[in-house]
>>> print(open('run36.txt').read())   # compact mmCIF, C-alpha atoms
# COMPACT_ATOMS: atom_id res chain seq x y z
CA MET A 1 11.28 -36.69 -25.71
CA ALA A 2 12.35 -36.44 -22.10
CA ALA A 3 15.03 -33.83 -22.78
CA ILE A 4 12.61 -31.48 -24.52
CA SER A 5 10.02 -31.62 -21.81
CA THR A 6 12.68 -30.97 -19.15
CA MET A 7 13.84 -28.02 -21.20
CA GLN A 8 10.28 -26.71 -21.42
CA LEU A 9 9.87 -27.12 -17.69
CA ILE A 10 13.05 -25.18 -16.97
CA GLU A 11 11.99 -22.53 -19.46
CA GLY A 12 8.71 -22.14 -17.60
CA TYR A 13 10.60 -22.01 -14.32
CA LEU A 14 12.81 -19.22 -15.67
CA LYS A 15 9.72 -17.34 -16.84
CA VAL A 16 8.11 -17.62 -13.38
CA THR A 17 11.31 -16.49 -11.60
CA ASP A 18 11.60 -13.64 -14.05
CA ASP A 19 8.00 -12.52 -13.37
CA ARG A 20 8.67 -12.73 -9.66
CA GLN A 21 11.80 -10.64 -9.97
CA GLN A 22 9.81 -8.05 -11.90
CA MET A 23 7.25 -7.92 -9.10
CA ILE A 24 10.03 -7.47 -6.52
CA ALA A 25 11.44 -4.61 -8.60
CA GLY A 26 7.94 -3.11 -8.64
CA ASN A 27 7.69 -3.38 -4.87
CA MET A 28 11.10 -1.75 -4.46
CA ALA A 29 10.12 1.03 -6.85
CA ASN A 30 6.98 1.75 -4.83
CA ILE A 31 8.66 1.76 -1.43
CA ASP A 32 7.53 5.35 -0.83
CA THR A 33 4.15 5.22 -2.59
CA PRO A 34 1.32 5.77 -0.10
CA GLY A 35 -1.26 2.99 0.00
CA TYR A 36 0.83 0.56 -2.07
CA HIS A 37 0.66 -3.10 -1.07
CA THR A 38 3.43 -5.65 -1.58
CA LYS A 39 2.79 -7.90 -4.56
CA ASP A 40 4.17 -11.36 -5.03
CA ILE A 41 3.70 -14.25 -7.39
CA ASP A 42 1.89 -17.39 -6.31
CA PHE A 43 4.86 -19.61 -7.13
CA GLN A 44 3.04 -22.91 -6.74
CA ALA A 45 0.08 -21.84 -8.88
CA ALA A 46 2.39 -20.40 -11.53
CA MET A 47 4.48 -23.60 -11.72
CA LYS A 48 1.30 -25.68 -11.89
CA GLN A 49 0.22 -23.57 -14.84
CA VAL A 50 3.59 -24.23 -16.50
CA VAL A 51 3.26 -28.00 -16.00
CA ASN A 52 -0.35 -28.06 -17.22
CA ASN A 53 0.37 -25.98 -20.30
CA SER A 54 3.48 -28.12 -20.97
CA GLY A 55 5.89 -25.24 -20.58
CA ALA A 56 3.96 -22.67 -22.57
CA ALA A 57 4.48 -19.21 -21.17
CA GLN A 58 1.47 -18.29 -19.10
CA LEU A 59 -0.28 -15.11 -20.13
CA GLU A 60 -1.16 -13.77 -16.71
CA PRO A 61 1.32 -14.26 -13.89
CA ALA A 62 -0.66 -15.27 -10.83
CA SER A 63 0.06 -12.19 -8.75
CA ARG A 64 -1.43 -11.55 -5.39
CA GLU A 65 -1.17 -8.98 -2.67
CA LEU A 66 0.65 -10.16 0.38
CA ASP A 67 -1.14 -10.04 3.72
CA GLY A 68 0.33 -10.02 7.18
CA LEU A 69 3.07 -7.48 6.61
CA PRO A 70 3.01 -4.54 9.03
CA GLU A 71 1.53 -1.47 7.39
CA ARG A 72 3.02 2.00 7.78
CA PRO A 73 0.75 4.92 8.68
CA ASP A 74 0.55 5.90 4.98
CA GLY A 75 -0.93 2.51 4.09
CA ASN A 76 2.24 1.16 2.46
CA ASN A 77 3.43 -2.26 3.58
CA VAL A 78 6.63 -2.76 1.58
CA ASN A 79 9.31 -4.33 3.75
CA ILE A 80 12.78 -3.38 2.56
CA ASP A 81 14.45 -6.42 4.16
CA ARG A 82 11.99 -8.84 2.65
CA GLU A 83 12.41 -7.35 -0.81
CA SER A 84 16.23 -7.34 -0.62
CA LEU A 85 16.19 -10.95 0.49
CA MET A 86 13.73 -11.97 -2.22
CA LEU A 87 15.81 -10.14 -4.83
CA SER A 88 18.94 -12.15 -4.01
CA GLN A 89 16.96 -15.37 -3.63
CA THR A 90 15.18 -15.02 -6.95
CA GLN A 91 18.41 -14.07 -8.65
CA LEU A 92 20.03 -17.27 -7.43
CA GLN A 93 16.99 -19.29 -8.47
CA TYR A 94 17.25 -17.79 -11.93
CA GLN A 95 20.95 -18.62 -12.03
CA MET A 96 20.12 -22.19 -11.12
CA GLY A 97 17.58 -22.39 -13.95
CA VAL A 98 20.14 -21.06 -16.41
CA GLN A 99 22.72 -23.63 -15.25
CA LEU A 100 20.14 -26.42 -15.60
CA ILE A 101 19.32 -25.36 -19.15
CA LYS A 102 23.03 -25.19 -19.95
CA SER A 103 23.53 -28.71 -18.68
CA GLU A 104 20.56 -29.87 -20.77
CA PHE A 105 22.21 -28.44 -23.88
CA HIS A 106 25.47 -30.04 -22.85
CA THR A 107 23.74 -33.43 -22.58
CA LEU A 108 22.29 -32.96 -26.06
CA LEU A 109 25.71 -32.06 -27.39
CA THR A 110 27.23 -35.17 -25.82
CA ALA A 111 24.56 -37.28 -27.52
CA ILE A 112 25.23 -35.57 -30.86
CA LYS A 113 28.98 -36.14 -30.54
CA GLU A 114 28.33 -39.75 -29.49
CA GLY A 115 30.09 -39.15 -26.24
CA SER A 116 33.41 -38.17 -27.74
CA MET B 117 11.60 -9.18 -22.50
CA SER B 118 10.55 -9.13 -18.89
CA LEU B 119 14.07 -8.63 -17.61
CA PHE B 120 14.26 -5.35 -19.47
CA ASP B 121 10.85 -4.47 -18.02
CA MET B 122 12.34 -5.05 -14.58
CA MET B 123 15.12 -2.63 -15.44
CA SER B 124 12.68 0.04 -16.56
CA ILE B 125 10.63 -0.39 -13.38
CA SER B 126 13.75 0.20 -11.30
CA ALA B 127 14.72 3.07 -13.58
CA SER B 128 11.36 4.74 -12.95
CA ALA B 129 12.03 4.50 -9.22
CA LEU B 130 15.54 5.90 -9.64
CA SER B 131 14.15 8.88 -11.50
CA ALA B 132 11.33 9.43 -8.98
CA GLU B 133 13.71 9.24 -6.01
CA ARG B 134 16.16 11.60 -7.68
CA GLN B 135 13.38 14.14 -8.23
CA ARG B 136 12.37 13.75 -4.60
CA ALA B 137 15.95 14.45 -3.54
CA GLU B 138 15.94 17.52 -5.80
CA VAL B 139 12.77 18.87 -4.18
CA THR B 140 14.21 18.21 -0.73
CA SER B 141 17.42 20.04 -1.62
CA ALA B 142 15.36 22.95 -2.93
CA ASN B 143 13.56 23.07 0.42
CA LEU B 144 16.86 23.05 2.29
CA ALA B 145 18.36 25.70 0.04
CA ASN B 146 15.35 27.97 0.49
CA ALA B 147 14.93 27.47 4.22
CA GLU B 148 15.63 31.15 4.81
CA THR B 149 14.07 32.61 1.66
CA THR B 150 11.68 35.36 2.67
CA HIS B 151 11.06 36.94 -0.70
CA THR B 152 10.02 35.03 -3.83
CA ASP B 153 8.84 36.21 -7.26
CA ASP B 154 5.23 35.71 -6.18
CA GLY B 155 5.89 37.76 -3.05
CA GLY B 156 5.84 36.25 0.41
CA PRO B 157 8.17 33.57 1.74
CA TYR B 158 9.16 30.34 -0.03
CA VAL B 159 6.63 27.57 0.44
CA ARG B 160 7.91 24.12 1.32
CA LYS B 161 7.33 21.58 -1.49
CA GLN B 162 6.33 17.96 -1.13
CA VAL B 163 6.26 15.19 -3.73
CA VAL B 164 3.42 12.76 -4.46
CA PHE B 165 4.30 9.27 -5.69
CA SER B 166 1.82 6.97 -7.34
CA PRO B 167 2.12 3.57 -9.02
CA THR B 168 1.68 3.46 -12.79
CA SER B 169 0.36 0.65 -14.90
CA GLY B 170 3.02 -0.02 -17.45
CA THR B 171 4.98 2.02 -19.94
CA PRO B 172 2.98 3.90 -22.58
CA PHE B 173 4.48 1.61 -25.23
CA ARG B 174 3.27 -1.50 -23.44
CA THR B 175 -0.13 0.06 -22.77
CA VAL B 176 -0.60 0.76 -26.47
CA PHE B 177 0.33 -2.82 -27.32
CA ASN B 178 -2.05 -4.09 -24.66
CA GLY B 179 -4.77 -2.06 -26.35
CA LEU B 180 -4.00 -3.82 -29.61
CA GLY B 181 -4.35 -7.14 -27.84
CA ARG B 182 -0.91 -8.32 -28.91
CA PHE B 183 0.58 -8.74 -25.46
CA ALA B 184 -1.71 -9.84 -22.69
CA GLN B 185 0.97 -8.99 -20.17
CA SER B 186 0.12 -7.83 -16.69
CA PRO B 187 0.72 -4.15 -16.05
CA THR B 188 4.13 -3.39 -14.67
CA GLY B 189 4.46 -1.74 -11.29
CA SER B 190 6.60 1.27 -11.93
CA VAL B 191 6.37 4.40 -9.86
CA LYS B 192 5.83 7.97 -10.97
CA LEU B 193 6.16 11.34 -9.33
CA THR B 194 2.71 12.68 -10.18
CA GLN B 195 2.82 16.10 -8.61
CA VAL B 196 4.76 18.47 -6.41
CA VAL B 197 2.46 20.07 -3.86
CA ASP B 198 2.89 22.97 -1.47
CA ASP B 199 3.06 22.30 2.25
CA PRO B 200 0.00 24.06 3.75
CA THR B 201 1.79 24.84 7.02
CA PRO B 202 1.64 28.63 7.62
CA PRO B 203 4.95 30.52 7.58
CA VAL B 204 6.83 31.16 10.79
CA LYS B 205 7.01 34.78 11.99
CA ARG B 206 10.21 36.17 13.44
CA TYR B 207 10.64 39.64 14.90
CA GLU B 208 13.26 41.37 12.72
CA PRO B 209 12.36 45.05 12.35
CA GLY B 210 15.52 45.80 10.35
CA ASN B 211 14.72 43.28 7.60
CA PRO B 212 13.46 44.83 4.33
CA ASP B 213 10.78 42.10 4.16
CA ALA B 214 9.40 42.96 7.59
CA ASP B 215 5.74 43.96 7.87
CA LYS B 216 4.46 47.03 9.71
CA SER B 217 4.80 45.48 13.13
CA GLY B 218 8.37 44.32 12.37
CA TYR B 219 7.71 40.62 11.75
CA VAL B 220 9.28 38.70 8.88
CA GLU B 221 7.59 35.57 7.50
CA TYR B 222 9.99 32.66 7.13
CA PRO B 223 9.13 29.35 5.42
CA SER B 224 8.27 26.65 7.96
CA ILE B 225 11.12 24.33 7.04
CA ASN B 226 12.67 22.04 9.59
CA PRO B 227 16.18 21.04 8.46
CA VAL B 228 15.94 17.78 10.41
CA THR B 229 12.79 16.73 8.52
CA GLU B 230 14.46 17.57 5.23
CA MET B 231 17.63 15.67 6.09
CA VAL B 232 15.60 12.59 7.04
CA ASP B 233 13.69 12.90 3.75
CA LEU B 234 16.96 13.21 1.86
CA MET B 235 18.39 10.14 3.56
CA GLY B 236 15.21 8.24 2.78
CA SER B 237 15.45 9.03 -0.90
CA VAL B 238 19.17 8.19 -1.03
CA ARG B 239 18.53 4.80 0.56
CA ALA B 240 15.61 4.09 -1.78
CA TYR B 241 17.85 5.08 -4.69
CA GLN B 242 20.53 2.63 -3.54
CA LEU B 243 17.94 -0.12 -3.16
CA ASN B 244 16.66 0.34 -6.69
CA ALA B 245 20.18 0.64 -8.07
CA SER B 246 20.90 -2.80 -6.60
CA ALA B 247 17.76 -4.10 -8.32
CA VAL B 248 19.14 -2.79 -11.62
CA THR B 249 22.42 -4.62 -10.93
CA ALA B 250 20.47 -7.81 -10.26
CA ALA B 251 18.55 -7.45 -13.53
CA LYS B 252 21.78 -6.79 -15.39
CA GLN B 253 23.40 -9.92 -14.01
CA MET B 254 20.36 -12.00 -14.90
CA ILE B 255 20.40 -10.73 -18.47
CA GLN B 256 24.12 -11.48 -18.65
CA GLU B 257 23.52 -15.00 -17.38
CA SER B 258 20.85 -15.69 -19.98
CA ILE B 259 23.18 -14.41 -22.68
CA ASP B 260 25.80 -16.84 -21.36
CA ILE B 261 23.51 -19.75 -22.34
CA LEU B 262 24.53 -19.03 -25.90
CA LYS B 263 28.20 -19.41 -25.08
CA SER B 264 29.48 -22.85 -25.94
CA SER B 265 30.60 -24.60 -22.80
>>> encode(input="run36.txt", output="structure tokens")
Amino acid sequence: MAAISTMQLIEGYLKVTDDRQQMIAGNMANIDTPGYHTKDIDFQAAMKQVVNNSGAAQLEPASRELDGLPERPDGNNVNIDRESLMLSQTQLQYQMGVQLIKSEFHTLLTAIKEGS
Amino acid sequence: MSLFDMMSISASALSAERQRAEVTSANLANAETTHTDDGGPYVRKQVVFSPTSGTPFRTVFNGLGRFAQSPTGSVKLTQVVDDPTPPVKRYEPGNPDADKSGYVEYPSINPVTEMVDLMGSVRAYQLNASAVTAAKQMIQESIDILKSS
């Protein structure tokens, strides 16, 4: 059953990365909205949820507002550099998850074909 | 379908930024307009952005309790407001819009401010367009899982 649980774990990982990417898109969209605060996912908490629920998609992504970023006079604290960086980073993380799932399927296929 | 949600969030920002650029261009175009349909000079317009909680479709589904998804963070141009700055008076006795003492009211538009605003919206548009590209690539990658290796 090891393969299935790994698959579930990667699936959860993809879901968390996906939620995070959505939050980054939201931050980018609100770059000029007065009073908007940067949102991010609590990655550790979200992954813990995935492990505890054995890969089941969590209902509420653990989002939180980020502190410590310098605020503009209009109360907005979206940092364009941070968001661009996070966008690329999360995209690569997602790509990694996809590659992992592909290799899992490949392993299964090898087992089915008895290695031939 | 979160990846498509991400695309629609970025799309909302693209639309909002485009409208902002439109308003800014209208301000620039009317920088010297002294006579409007309502009488008086053109009044500088400003946009108001506010975050929205999800698409109407998603909100309806949330109401039905089918999807307990968190609200998405798209942006919306909620209103276009007038700049309360009083018009600038210039002494031009020959102008048909001049008052009795020969002063013409011009809209208080600073081209530099408008250009900076325009650049800001162009940059924000580019940023969100790159987020759309990222979402597109991610969707493509997940479709590629189906391809036999």
>>> closest_residue(input="run36.txt", among="A:Gln8, A:Asn76, A:Thr33, A:Ser116", to="chain B", atoms="only C-alpha atoms")
A:Thr33
>>> interface_residues(input="run36.txt", of="chain A", to="chain B", cutoff="9 Å", atoms="all atoms listed in the file", output="PyMOL selection string")
chain A and resi 15+18-19+21-36+59-61+80+84+87-88+91+94-95+98-99+101-102+105-106
>>> residues_around(input="run36.txt", residues="A:Thr38", least_positions_apart="6", cutoff="7 Å", atoms="all atoms listed in the file", output="list in words")
Asn27, Glu65, Leu66, Asn77 and Val78 of chain A
>>> atom_distance(input="run36.txt", atom1="atom CA of B:Asp153", atom2="atom CA of B:Thr194")
24.5 Å
>>> atom_distance(input="run36.txt", atom1="atom CA of B:Pro223", atom2="atom CA of B:Asn146")
8.1 Å
>>> residues_near_point(input="run36.txt", point="(3.2, 33.7, 9.5)", cutoff="10 Å", atoms="only C-alpha atoms", output="tab-separated table (two decimals) with C-alpha atoms, keeping the file's coordinate frame")
chain	number	residue	atom	x	y	z
B	156	GLY	CA	5.84	36.25	0.41
B	157	PRO	CA	8.17	33.57	1.74
B	201	THR	CA	1.79	24.84	7.02
B	202	PRO	CA	1.64	28.63	7.62
B	203	PRO	CA	4.95	30.52	7.58
B	204	VAL	CA	6.83	31.16	10.79
B	205	LYS	CA	7.01	34.78	11.99
B	206	ARG	CA	10.21	36.17	13.44
B	219	TYR	CA	7.71	40.62	11.75
B	220	VAL	CA	9.28	38.70	8.88
B	221	GLU	CA	7.59	35.57	7.50
B	222	TYR	CA	9.99	32.66	7.13
B	223	PRO	CA	9.13	29.35	5.42
B	224	SER	CA	8.27	26.65	7.96
>>> closest_residue(input="run36.txt", among="B:Ser217, B:Val238, B:Glu230, B:Tyr158", to="B:Leu144", atoms="all atoms listed in the file")
B:Glu230
>>> closest_residue(input="run36.txt", among="A:Asp42, A:Gln49, A:His37, A:Gly12", to="A:Glu71", atoms="only C-alpha atoms")
A:His37
>>> atom_distance(input="run36.txt", atom1="atom CA of B:Gly218", atom2="atom CA of B:Thr150")
13.6 Å
>>> build_atoms(input="run36.txt", residues="stretch 5-25 of chain A", atoms="N, CA, C and O atoms", output="mmCIF file, in the coordinates of the input")
data_model
loop_
_atom_site.group_PDB
_atom_site.id
_atom_site.type_symbol
_atom_site.label_atom_id
_atom_site.label_comp_id
_atom_site.auth_asym_id
_atom_site.auth_seq_id
_atom_site.Cartn_x
_atom_site.Cartn_y
_atom_site.Cartn_z
ATOM 1 N N SER A 5 10.990 -32.021 -22.832
ATOM 2 C CA SER A 5 10.020 -31.620 -21.810
ATOM 3 C C SER A 5 10.724 -31.037 -20.576
ATOM 4 O O SER A 5 10.211 -30.118 -19.949
ATOM 5 N N THR A 6 11.906 -31.571 -20.249
ATOM 6 C CA THR A 6 12.680 -30.970 -19.150
ATOM 7 C C THR A 6 13.036 -29.534 -19.485
ATOM 8 O O THR A 6 12.917 -28.630 -18.673
ATOM 9 N N MET A 7 13.458 -29.359 -20.741
ATOM 10 C CA MET A 7 13.840 -28.020 -21.200
ATOM 11 C C MET A 7 12.661 -27.062 -21.085
ATOM 12 O O MET A 7 12.816 -25.929 -20.638
ATOM 13 N N GLN A 8 11.485 -27.547 -21.497
ATOM 14 C CA GLN A 8 10.280 -26.710 -21.420
ATOM 15 C C GLN A 8 9.963 -26.358 -19.979
ATOM 16 O O GLN A 8 9.568 -25.233 -19.678
ATOM 17 N N LEU A 9 10.144 -27.342 -19.113
ATOM 18 C CA LEU A 9 9.870 -27.120 -17.690
ATOM 19 C C LEU A 9 10.810 -26.050 -17.130
ATOM 20 O O LEU A 9 10.369 -25.126 -16.433
ATOM 21 N N ILE A 10 12.081 -26.164 -17.465
ATOM 22 C CA ILE A 10 13.050 -25.180 -16.970
ATOM 23 C C ILE A 10 12.753 -23.802 -17.553
ATOM 24 O O ILE A 10 12.857 -22.785 -16.879
ATOM 25 N N GLU A 11 12.337 -23.801 -18.821
ATOM 26 C CA GLU A 11 11.990 -22.530 -19.460
ATOM 27 C C GLU A 11 10.839 -21.855 -18.713
ATOM 28 O O GLU A 11 10.890 -20.652 -18.434
ATOM 29 N N GLY A 12 9.836 -22.671 -18.370
ATOM 30 C CA GLY A 12 8.710 -22.140 -17.600
ATOM 31 C C GLY A 12 9.155 -21.636 -16.239
ATOM 32 O O GLY A 12 8.709 -20.588 -15.772
ATOM 33 N N TYR A 13 10.073 -22.404 -15.633
ATOM 34 C CA TYR A 13 10.600 -22.010 -14.320
ATOM 35 C C TYR A 13 11.309 -20.664 -14.406
ATOM 36 O O TYR A 13 11.124 -19.792 -13.559
ATOM 37 N N LEU A 14 12.106 -20.490 -15.465
ATOM 38 C CA LEU A 14 12.810 -19.220 -15.670
ATOM 39 C C LEU A 14 11.817 -18.081 -15.850
ATOM 40 O O LEU A 14 11.999 -16.981 -15.318
ATOM 41 N N LYS A 15 10.743 -18.371 -16.582
ATOM 42 C CA LYS A 15 9.720 -17.340 -16.840
ATOM 43 C C LYS A 15 9.060 -16.911 -15.509
ATOM 44 O O LYS A 15 8.868 -15.713 -15.270
ATOM 45 N N VAL A 16 8.760 -17.915 -14.665
ATOM 46 C CA VAL A 16 8.110 -17.620 -13.380
ATOM 47 C C VAL A 16 9.052 -16.809 -12.487
ATOM 48 O O VAL A 16 8.655 -15.801 -11.883
ATOM 49 N N THR A 17 10.332 -17.227 -12.431
ATOM 50 C CA THR A 17 11.310 -16.490 -11.600
ATOM 51 C C THR A 17 11.464 -15.057 -12.097
ATOM 52 O O THR A 17 11.570 -14.114 -11.303
ATOM 53 N N ASP A 18 11.459 -14.938 -13.415
ATOM 54 C CA ASP A 18 11.600 -13.640 -14.050
ATOM 55 C C ASP A 18 10.418 -12.726 -13.684
ATOM 56 O O ASP A 18 10.608 -11.562 -13.306
ATOM 57 N N ASP A 19 9.195 -13.292 -13.761
ATOM 58 C CA ASP A 19 8.000 -12.520 -13.370
ATOM 59 C C ASP A 19 8.080 -12.095 -11.912
ATOM 60 O O ASP A 19 7.709 -10.980 -11.552
ATOM 61 N N ARG A 20 8.574 -13.029 -11.081
ATOM 62 C CA ARG A 20 8.670 -12.730 -9.660
ATOM 63 C C ARG A 20 9.659 -11.596 -9.419
ATOM 64 O O ARG A 20 9.390 -10.679 -8.639
ATOM 65 N N GLN A 21 10.782 -11.676 -10.123
ATOM 66 C CA GLN A 21 11.800 -10.640 -9.970
ATOM 67 C C GLN A 21 11.247 -9.284 -10.395
ATOM 68 O O GLN A 21 11.538 -8.267 -9.776
ATOM 69 N N GLN A 22 10.424 -9.301 -11.430
ATOM 70 C CA GLN A 22 9.810 -8.050 -11.900
ATOM 71 C C GLN A 22 8.893 -7.479 -10.824
ATOM 72 O O GLN A 22 8.848 -6.273 -10.591
ATOM 73 N N MET A 23 8.148 -8.367 -10.164
ATOM 74 C CA MET A 23 7.250 -7.920 -9.100
ATOM 75 C C MET A 23 8.032 -7.337 -7.924
ATOM 76 O O MET A 23 7.623 -6.342 -7.320
ATOM 77 N N ILE A 24 9.186 -7.969 -7.610
ATOM 78 C CA ILE A 24 10.030 -7.470 -6.520
ATOM 79 C C ILE A 24 10.556 -6.082 -6.876
ATOM 80 O O ILE A 24 10.562 -5.170 -6.043
ATOM 81 N N ALA A 25 10.962 -5.926 -8.140
ATOM 82 C CA ALA A 25 11.440 -4.610 -8.600
ATOM 83 C C ALA A 25 10.326 -3.574 -8.461
ATOM 84 O O ALA A 25 10.568 -2.440 -8.048
#
